[in-house]
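Colleague: Let me give you the structure first, and then I'll get to my questions.
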Amino acid sequence: MRNTVDILGVKVDKITAAYALKKAEQMVRTPGTSVIFTPNPEIIMAAHEDAEFKKVLNSADMCTPDGIGVVYAAKMLKTPVPERVAGFDLTCGLLESIRKTGEGVFLFGAKPGVAETAAQKLREKYVGLKISGVQHGYFSDSESADIADKINASGAKLLLVCLGAPKQEKWISDNMGRLSNVNLCMGVGGALDVFAGVVKRAPDIFIKLNLEWFYRFCKNPSRLGRFAALPKFILTVKGYEKRGDK
Ligand code: UDP
C-alpha cells in the first residue's frame, strides 16, 4: 500500500531516499513493467493544468518528491514527506545496484550522441554496468512503436526515459504495453545530459542547502520562466489547501 500526499491532485509518495531505492531495486528485479516518476513543482503545476498528464502521473507505481518545493508544499498541506528524493540521485543508486546484480539499462533520450557519451561515462563510473542499448530523444510519433520494440528486444530491465516532462511520462504511458521485457521505467528528465557531462549538476553544497535550483538558474538565466513557476506553485497549493478541493 502506498502512503501518499495529494499535491494539486498529484499523488506523491511519502518516502525516504533509502526506501525509494529499496523499492526501485525490487521493481527492477520483478517482471511486470513498473513505473517511477519524479515530479518537481514544474511537473505538478503542468499536471494541474493538464488532466491527461495528471492521470498519467497518478498511474505510476511511485512518484518521488523531487525538489524542495514539493517537500515544502507537502508540509504546507500538513502531510509532510520525510525528505526530497531527487530522480537523479535515485537513478545513481539504482545503477550502482544493478552494476552488481547484472540487470541491463537502456538509455533513451537527449540529443543525438548524448546517450552514447553517457553510456561511455557510466561504464567508467559504474564498472560492470550492462548498457543494453541507447536511443536519442528526437523522433516522430510514427517511430515510437519501433523504438519501443528496440528497447524490448535489447533485454534491458531498466529503462531511463529522458525526454523532459510531460513527453517522457506520456511516452511511457502510451508504450508500456509493448515493453513487456522491461521491469522498471523511469522518467528522469535531463539525467543523460548530466551523465554525459553536457550539463553539470550543482556542487554538493548547493544540493545540501536545497539551493540546486538557484545554481541551475545562475548557470542558465534563460530558464528564468521555469523558476518563476515555483512561487506560482506555492501560491496555488496554498489556495488548494484553503479550498480543500482535493
Ligand atoms: N529531450 C528529448 N526529446 C525532446 C525534447 C527534449 O530527448 O523532444 C531531452 C533534452 O535533450 C534533454 C531532456 O530531454 O536532454 C530534458 O531536459 P530538461 O533539462 O528540460 O529536463 P528536466 O530534468 O528539467 O525535466
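A note on labels: chains of the C-alpha cells are A, B, ... as shown, every chain counts residues from 1, and ligands are counted from 1 in their shown order.
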Would you mind listing the residues within 7 Å of ligand 1, counting only C-alpha atoms and all ligand atoms, as a PyMOL selection string?
Modeller: chain A and resi 109-111+136-138+162-165+188-193
Colleague: Can you list, as a PyMOL selection string, every protein, DNA or RNA residue that comes within 10 Å of range 13-25 of chain A when you count only C-alpha atoms, leaving out same-chain residues fewer than 2 positions away?
Modeller: chain A and resi 2-6+10-11+27-30+34-36+38+61-65+71+74+79-87+89-95+97-98+101+158+183-186
Colleague: Taking only range 65-165 of chain A into account, list the residues labelled strand (DSSP E) by DSSP (computed from the backbone), as a list in words.
Modeller: Val105, Phe106, Leu107, Phe108, Gly109, Ile131, Ser132, Gly133, Val134, Gln135, Leu158, Leu159, Leu160, Val161 and Cys162 of chain A
Colleague: Between A:Gly102, A:Ser132, A:Leu107, A:Asn175, which one has atoms that come closest to Asp146 in chain A, using only C-alpha atoms?
Modeller: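 Checking each of A:Gly102, A:Ser132, A:Leu107, A:Asn175 against Asp146 in chain A, counting only C-alpha atoms, the winner is A:Asn175.
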Colleague: Here is a test: counting only C-alpha atoms, which residue of A:Trp171, A:Phe106, A:Tyr72, A:Phe195 is nearest to Ala145 in chain A?
Modeller: A:Trp171
Colleague: What is the CA of Gly32 in chain A-CA of Phe53 in chain A distance in Å, reported with one decimal?
Modeller: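 A separation of 22.3 Å between them.
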Colleague: Enumerate as a ChimeraX atom specification all residues of range 9-245 of chain A assigned to alpha helix (DSSP H) by DSSP on the backbone, naming them with the chain letters and numbers the document uses.
Modeller: /A:17-29,41-48,51-58,68-76,87-101,114-125,144-154,167-175,191-196,204-208,212-219,224-227,229-243
Colleague: Let me make sure I understand: among A:Pro41, A:Gly69, A:Pro166, A:Gly225, which one has the smallest atom-to-atom distance to Val56 in chain A if we use only C-alpha atoms?
Modeller: A:Pro166
Colleague: Could you state the separation of CA of Ser222 in chain A and CA of Ala73 in chain A in Å, given to one decimal place?
Modeller: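 These atoms are spaced 25.3 Å apart.
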Colleague: Leaving out Lys238 in chain A and any residue of its chain fewer than 6 positions from it, which residues lie within 10 Å of it when counting only C-alpha atoms, given as a PyMOL selection string?
Modeller: chain A and resi 8+73+76-77+232+244
Colleague: Using C-alpha atoms, can you export the residues from the last selection as a PDB file, in the first residue's frame?
Modeller:
```pdb
ATOM      1  CA  LEU A   8      -2.718  19.661  -6.639  1.00  0.00           C
ATOM      2  CA  ALA A  73       4.155  22.033  -0.374  1.00  0.00           C
ATOM      3  CA  MET A  76       2.037  23.252   3.975  1.00  0.00           C
ATOM      4  CA  LEU A  77      -0.675  20.637   3.415  1.00  0.00           C
ATOM      5  CA  LYS A 232       3.161  30.255  -8.558  1.00  0.00           C
ATOM      6  CA  GLY A 244      -9.780  21.702   0.326  1.00  0.00           C
TER       7      GLY A 244
END
```
